[in-house]
Each structure stands twice: as structure tokens, then as C-alpha cells.
Amino acid sequence: MTDTRRTILLMVFLFSLFSIWDAWNRHNGRPGFFDPPAAQQPVASAAAPGAASAAAGASSPAGTVTGGAAQPAVAVSELTVVSTDLLRATLDSVGGSLVKLELLKHADAEDPKKPVVLFDRSAQHTYVAYSGLEDVPGAPGMRSAFKLAPGPRTLADGSDDLVVRYESPADGGVKLVKQYTFVRGSYAVKVRHEVVNTGSQPVTPKLDLRLVRDNTQPAHAAPAFFGGPQSYTGPAFYTSTAHYQKVDFKHIDENSAEYQKNATDGWVAMVQHYFASAWVTPDALPREFYAGKSKTDPHLYEAGMRLQLGTIGPDQTKAVESTLFAGPQEEKKLEVLAPGLELVKDYGWVTILAKPLFWLLDKIHGLVGNWGWAIILLVLLLKAAFYWLNASAYRSMAKMKAVNPRIMEMRERLKDKPQQMQQEMMKIYREEKVNPLGGCLPIVVQIPVFIALYSVLLASVEMRGAPWVLWIHDLGKPDALFGHILTAPVGPLPLLMMGSTMLQTWLNPTPPDPVQAKLMWIMPLAFSVMFFFFPAGLVLYWLTNNLLSIAQQWFINKRLGVN
């Protein structure tokens, strides 16, 4: 029985080790073990932003007619930079589209002096938000020329919002006016599309809201424990009937993506670690969702929705109010923007546990004002909640350690009589009232809770850039106070984590088998090395849990007289 228990634990550990190794590869930009080969994006000319916009924006799934298809080639791309307290946005007169977005309150992972660039249109990365009309020949599309209306480009002190207005010509009998409203303190940009029929015949256009990007993983994407969802990068859809649906880039490549195609509500998003973008339209307009590869650039992917605007008669105007969210996955703020939008912060199969854990962590943070201390207090609460369950496990392990000398002596004496050895072992267990699985089952019960907390800490953008004490200035980055040794960041937290793991191993009963006894020390050591690469917030959580477990196990061992 005890060998079976150790075999099970060994298998669980090896699988965990493989998952962490695979996650570390993803973390450093290398493909995961099960990932398809990443497509290489061709290098575009930085000197021709208009051409890049045309290449990215002209794409349309098969079977559709875009207004831009009938437009003449666009001659000049005029870029306009708009600044608020949170955002620095670059808008392009070609399509009146948002082609670059910098998040001023979030530092870049590679260069903390620079802000995070979410939307971008460069030789290295493409990620853009487009909108335009379809199903009306000559109507303004995503490659059409728009004229920028005069007005301020920087949010003034004392102002709550900043309006930027683009207007297309009415050459095709339909004019499109785009009005962006940037709001102070918000990552949600209000976008108003006014469709004006300047012709003599009724028209039935569709408004296409689209997100286009390559499949490049963001720098320092989160390591995914057990293949967790926090490393996911790609499109997502939501409707009130199908709920949250992710569409992997690989499924688009294989033409096997499954999601609800038609609905009267819902939104489309592009998701990556910590950040997301989404087109949200609250009106109950019939809409068609789509995801596919760009027809003009096979290295780009697009996801969007086409809104049916109905019939617009001559000299009539149809206005659609939408929201373009582009920013951090702050759960509470996303909840109020649209139903289900908070699900872009994806906890996967542990969501049912992770959401209340984050709620509790957030409440504790509201009291103490520091995410590091909030993590420690949350672990204290969880250890208190599982105190008696852990106590049962530690008592069982203490008893196992107490009878271990008898077991080892008996195994040596009966090593040539395996059947008699097993019978004698079970007899000792019965006499001492020891359950070989007693130290394993109570801990296994708690595993989903701690995986959920793991996911919370890795998925929460609140940890990114959050300080704790002394040298820990960012709970979202590895502790590297002592620099890097053989490319591994080295700091006090992971060293303490390693020490606590070895101490905890010493408190456990030594396996009778010599090979297992060596593995019992080697495996936790190898496991601990992985934590040198993990965010400081996660190491702090695990270290706190280890220290509390050691204290409880030492106390129980002392009470039972086990050394």
C-alpha cells in the first residue's frame, strides 16, 4: 500500500514537473510540447504604414462583399496621436482605425521605462482594431480615406472626455462618420458609427467590427500549470446562449473552429495574458460572428462581428453606439462593461473555485492595501479552513515516520520473501493503527483549491507591477535580487522556498526503498528550482503555505514524540 501511494505521488509529481517545464518553454517564447509550429510573420516596411494598414484591413472571409473592395487605392495615411490619463492612441485616416495603443499605467515587460503597447502595426507585431461597412458597393470600408475633424488631441485638465471625429466622403451614396470618445480613467473607448444614406435608393449595409492580429505570444506570457488557460492568446466570443467560447489559432489553421455564428447579442474579443480587447455592442442587433485568416496576409488572424443595420432610406441616418475595450483584465471593471466580459480573465476548469478566491483576495487587499500581504493573509485563512484536514494527514505521516525503522528492518530481513514481507508490513500497520494512504488523501482533496489560487495569482493583472516589501517591487516578476546565474533569476524568496521544501521533505517519513529515498530528496529539489523563474507573488504564496505546513507538521510530530 505504501509503495502504491508513493508511486501515485511520483506520477503526479512527474506530470507536474513536465507541465512546469512545458510552461517555462512557453514563458520564454518557445513553442509548447503540444503546440503546432508558429507561423513566421513577414517583415513589413516601416516606411509604408498605409500599405500595412491596407494589407491588414482589407481582409474579409470568403463570400462577403466589402465596401473597401470597390474603393480606389488609398494614397496617403495620416496618423493622429491622442492622449488621455491612461491611453496614448494612434488613429489612421485610412479606415479611421485605431492602429496603435499604449497603456500608460502599465510598464513594458522588457523595458519598464516604456508603456505596454497593446495595439501595434509594426514590422515585429500586428494587432489592430478596424471597422467599416459591407454589402453596399462603394460604401466606406476599412481601406477608405477618412477626414479628421478639427479639435483637441489631448485630454485637458478638468475634462472628463475627449472626442475625435472622422468622416468619409459620400462618393458611393453612403457616408460613414466615426466618433471616438476617450473617457478619463477608462480603457473603454466609446465608438459611434453614423451611417448616412446620401443617395436616392434605400441601402441595407452591415457594420463590420473587427480585431486583427498575428499569433505572436506576448512577452513573458504566464507559465501554465497543468496546461492552465492563463497562457491563452487568441479570439474569444460571447453570446447569452453559447456563453464564453475560445477559438484557438490552431483551430483556425485547421479550419475546425467551433463557435456560435449568429446571435442578437454578444461581443468579440482578442485575449492574451493580462490584457484583452473587445468590440461590445449593447443594441439587440442581429449579428454574424466570424474568425479566420486574413485573405491578404496568411500570417494574420481576424475575428469580428457584422451587425445588420436594417434598411436605411434616402437622406436617413442610422447610428450605432459601440464600445471598444482595450486594456488590462481587471475583473470588477469588466463585469460592468458587458455580460460575461470578465470571462476573458480565464481560470479554466478551476473557475468555480478561482472566482471566489479572487473575490476574497481583493477584499483582503482592500483592507491592507498591499497585494503581498493580501496573499499571505489569504493563505493563512485557507490553512485555517483546512486545519483539521491537514492535521489528519500530518498525524498519519508522523505515525508512518515513527514505524519507519521497524518497516526498514523488516524489509531488510525479509527481502527475499516478498509475500511474507507484505503480510508483515500490513500487520505492523494494523498494530500501530497506521493508514498508508492517510497522509495522501486529505492533501489530494485540497489540490484543486491550491491550483485555483495558483491560477488567480498568475492571471491577475493586479499582481503586475505591484510591490510588496523591501526588494520586491513587482509581484508579477521573478525575484532576482542577486542577479542571474546561468540565466536563472536568483533572489531570497526562491532560495527560502527551496529551503522550506527540503525541510518539509525531512519531516516526512523516509521510504524504505533506497531508490525512493533518493528520489524523495531529488524531486523536491528539482521542483524548487522551477520557482526561481516564477513570479514573486506565486513564490510568496507557496513559501507561506510551506512554512505554515512545516509549523503544523512539526507541532504534530512533537506531540506524538516523533523526531
# chains A, B, ... in the order shown; residues from 1 in each chain; ligands from 1
>>> select_by_dssp(residues="range 174-348 of chain A", states="alpha helix (DSSP H)", output="list in words")
Phe249, Lys250, His251, Ile252, Asp253, Glu331, Lys332, Lys333, Leu334, Glu335, Val336 and Leu337 of chain A
>>> write_last_selection(atoms="N, CA and C atoms", output="mmCIF file, in the first residue's frame")
data_model
loop_
_atom_site.group_PDB
_atom_site.id
_atom_site.type_symbol
_atom_site.label_atom_id
_atom_site.label_comp_id
_atom_site.auth_asym_id
_atom_site.auth_seq_id
_atom_site.Cartn_x
_atom_site.Cartn_y
_atom_site.Cartn_z
ATOM 1 N N PHE A 249 -5.909 29.687 -32.360
ATOM 2 C CA PHE A 249 -5.313 29.933 -33.674
ATOM 3 C C PHE A 249 -5.111 28.625 -34.450
ATOM 4 N N LYS A 250 -4.744 27.576 -33.744
ATOM 5 C CA LYS A 250 -4.501 26.303 -34.435
ATOM 6 C C LYS A 250 -5.784 25.740 -35.024
ATOM 7 N N HIS A 251 -6.932 26.005 -34.365
ATOM 8 C CA HIS A 251 -8.201 25.537 -34.919
ATOM 9 C C HIS A 251 -8.583 26.346 -36.160
ATOM 10 N N ILE A 252 -8.200 27.618 -36.175
ATOM 11 C CA ILE A 252 -8.414 28.415 -37.382
ATOM 12 C C ILE A 252 -7.545 27.876 -38.509
ATOM 13 N N ASP A 253 -6.288 27.550 -38.196
ATOM 14 C CA ASP A 253 -5.390 26.974 -39.201
ATOM 15 C C ASP A 253 -5.954 25.678 -39.777
ATOM 16 N N GLU A 331 -11.051 42.427 -13.372
ATOM 17 C CA GLU A 331 -12.300 41.672 -13.332
ATOM 18 C C GLU A 331 -13.511 42.520 -12.971
ATOM 19 N N LYS A 332 -13.407 43.325 -11.937
ATOM 20 C CA LYS A 332 -14.566 44.102 -11.479
ATOM 21 C C LYS A 332 -15.003 45.131 -12.515
ATOM 22 N N LYS A 333 -14.051 45.733 -13.220
ATOM 23 C CA LYS A 333 -14.391 46.739 -14.220
ATOM 24 C C LYS A 333 -14.976 46.100 -15.477
ATOM 25 N N LEU A 334 -14.500 44.908 -15.811
ATOM 26 C CA LEU A 334 -15.014 44.224 -16.990
ATOM 27 C C LEU A 334 -16.465 43.788 -16.781
ATOM 28 N N GLU A 335 -16.815 43.423 -15.560
ATOM 29 C CA GLU A 335 -18.170 42.949 -15.276
ATOM 30 C C GLU A 335 -19.232 43.979 -15.616
ATOM 31 N N VAL A 336 -18.906 45.264 -15.455
ATOM 32 C CA VAL A 336 -19.913 46.305 -15.669
ATOM 33 C C VAL A 336 -19.965 46.761 -17.124
ATOM 34 N N LEU A 337 -18.987 46.383 -17.942
ATOM 35 C CA LEU A 337 -18.973 46.816 -19.339
ATOM 36 C C LEU A 337 -19.922 45.998 -20.205
#
>>> residues_around(residues="range 313-321 of chain A", least_positions_apart="4", cutoff="6 Å", atoms="only C-alpha atoms", output="list in words")
Arg192, His193, Glu194, Val195, Val196, Asn197, Thr198, Gly199, Ser200, Gln201 and Pro202 of chain A
>>> closest_residue(among="A:Met410, A:Lys147, A:Gly185, A:Asp108", to="Thr84 in chain A", atoms="only C-alpha atoms")
A:Gly185
>>> closest_residue(among="A:Val271, A:Ala452, A:Leu377, A:Ala480", to="Val350 in chain A", atoms="only C-alpha atoms")
A:Ala452
>>> atom_distance(atom1="CA of Leu207 in chain A", atom2="CA of Gly141 in chain A")
9.3 Å
>>> residues_around(residues="range 279-294 of chain A", least_positions_apart="3", cutoff="6 Å", atoms="only C-alpha atoms", output="PyMOL selection string")
chain A and resi 59+252+261-265+267-268+297-298+300-308+322-324
>>> write_last_selection(atoms="C-alpha atoms", output="PDB file, in the first residue's frame")
ATOM      1  CA  SER A  59      -9.067  41.020 -45.448  1.00  0.00           C
ATOM      2  CA  ILE A 252      -8.414  28.415 -37.382  1.00  0.00           C
ATOM      3  CA  LYS A 261     -22.091  32.088 -35.769  1.00  0.00           C
ATOM      4  CA  ASN A 262     -25.331  34.084 -35.384  1.00  0.00           C
ATOM      5  CA  ALA A 263     -26.964  35.835 -32.442  1.00  0.00           C
ATOM      6  CA  THR A 264     -28.772  39.014 -31.412  1.00  0.00           C
ATOM      7  CA  ASP A 265     -26.301  39.887 -28.660  1.00  0.00           C
ATOM      8  CA  TRP A 267     -19.216  40.510 -28.207  1.00  0.00           C
ATOM      9  CA  VAL A 268     -15.943  39.543 -29.881  1.00  0.00           C
ATOM     10  CA  ASP A 297      -1.827  38.083 -45.339  1.00  0.00           C
ATOM     11  CA  PRO A 298      -1.914  34.413 -44.224  1.00  0.00           C
ATOM     12  CA  LEU A 300      -2.661  37.402 -39.688  1.00  0.00           C
ATOM     13  CA  TYR A 301      -5.841  36.257 -37.960  1.00  0.00           C
ATOM     14  CA  GLU A 302      -9.085  38.154 -37.671  1.00  0.00           C
ATOM     15  CA  ALA A 303     -12.173  37.873 -35.504  1.00  0.00           C
ATOM     16  CA  GLY A 304     -15.198  40.098 -35.638  1.00  0.00           C
ATOM     17  CA  MET A 305     -18.922  40.538 -35.952  1.00  0.00           C
ATOM     18  CA  ARG A 306     -21.129  42.001 -38.664  1.00  0.00           C
ATOM     19  CA  LEU A 307     -24.133  43.936 -37.424  1.00  0.00           C
ATOM     20  CA  GLN A 308     -27.234  44.037 -39.598  1.00  0.00           C
ATOM     21  CA  SER A 322     -20.378  50.548 -29.606  1.00  0.00           C
ATOM     22  CA  THR A 323     -17.580  50.205 -27.093  1.00  0.00           C
ATOM     23  CA  LEU A 324     -14.022  49.264 -27.949  1.00  0.00           C
TER      24      LEU A 324
END
>>> closest_residue(among="A:His125, A:Arg406, A:Arg464, A:Lys383", to="Asn215 in chain A", atoms="only C-alpha atoms")
A:His125
>>> closest_residue(among="A:Val136, A:Met142, A:Val174, A:Phe119", to="Phe325 in chain A", atoms="only C-alpha atoms")
A:Phe119
>>> select_by_dssp(residues="range 310-404 of chain A", states="strand (DSSP E)", output="ChimeraX atom specification")
/A:317-328
>>> atom_distance(atom1="CA of Thr296 in chain A", atom2="CA of Asp135 in chain A")
19.3 Å
>>> residues_around(residues="Pro112 in chain A", least_positions_apart="5", cutoff="10 Å", atoms="only C-alpha atoms", output="PyMOL selection string")
chain A and resi 106-107+465
>>> write_last_selection(atoms="N, CA and C atoms", output="compact mmCIF listing (two decimals), in the first residue's frame")
# COMPACT_ATOMS: atom_id res chain seq x y z
N HIS A 106 0.84 50.93 -17.35
CA HIS A 106 1.41 49.59 -17.28
C HIS A 106 2.75 49.58 -18.01
N ALA A 107 3.80 49.20 -17.29
CA ALA A 107 5.15 49.21 -17.85
C ALA A 107 5.39 47.99 -18.73
N GLY A 465 3.44 44.57 -11.54
CA GLY A 465 3.95 45.86 -11.08
C GLY A 465 3.59 46.19 -9.63
>>> closest_residue(among="A:Lys175, A:His273, A:Thr90, A:Val203", to="Arg153 in chain A", atoms="only C-alpha atoms")
A:Thr90
>>> residues_around(residues="Leu547 in chain A", least_positions_apart="3", cutoff="12 Å", atoms="only C-alpha atoms", output="VMD selection string")
chain A and resid 376 379 to 380 383 496 to 504 540 to 544 550 to 554
>>> residues_around(residues="range 157-160 of chain A", least_positions_apart="3", cutoff="9 Å", atoms="only C-alpha atoms", output="list of chain:residue names")
A:Phe182, A:Val183, A:Arg184, A:Gly185
>>> write_last_selection(atoms="N, CA and C atoms", output="compact mmCIF listing (two decimals), in the first residue's frame")
# COMPACT_ATOMS: atom_id res chain seq x y z
N PHE A 182 -12.91 59.18 -25.88
CA PHE A 182 -12.00 58.65 -24.87
C PHE A 182 -12.39 59.25 -23.51
N VAL A 183 -12.58 58.39 -22.52
CA VAL A 183 -13.10 58.80 -21.22
C VAL A 183 -12.00 58.74 -20.18
N ARG A 184 -11.93 59.77 -19.36
CA ARG A 184 -10.93 59.81 -18.29
C ARG A 184 -11.08 58.60 -17.37
N GLY A 185 -9.95 57.98 -17.05
CA GLY A 185 -9.95 56.85 -16.11
C GLY A 185 -10.53 55.57 -16.66
>>> residues_around(residues="Leu381 in chain A", least_positions_apart="5", cutoff="12 Å", atoms="only C-alpha atoms", output="PDB file with C-alpha atoms, in the first residue's frame")
ATOM      1  CA  LEU A 357     -10.752  33.147  -4.151  1.00  0.00           C
ATOM      2  CA  LEU A 360     -11.657  37.155  -1.120  1.00  0.00           C
ATOM      3  CA  LEU A 361      -8.126  38.219  -2.114  1.00  0.00           C
ATOM      4  CA  ILE A 364      -8.309  41.476   1.874  1.00  0.00           C
ATOM      5  CA  ALA A 374      -3.107  40.070   0.981  1.00  0.00           C
ATOM      6  CA  ILE A 375      -1.570  36.855  -0.430  1.00  0.00           C
ATOM      7  CA  ILE A 376      -0.105  35.934   2.968  1.00  0.00           C
ATOM      8  CA  PHE A 386      -8.187  23.145   6.145  1.00  0.00           C
ATOM      9  CA  TYR A 387      -6.523  22.874   9.556  1.00  0.00           C
ATOM     10  CA  THR A 544       3.866  30.946   3.080  1.00  0.00           C
ATOM     11  CA  ASN A 545       1.963  27.704   2.571  1.00  0.00           C
ATOM     12  CA  LEU A 548       2.606  27.056   7.781  1.00  0.00           C
TER      13      LEU A 548
END
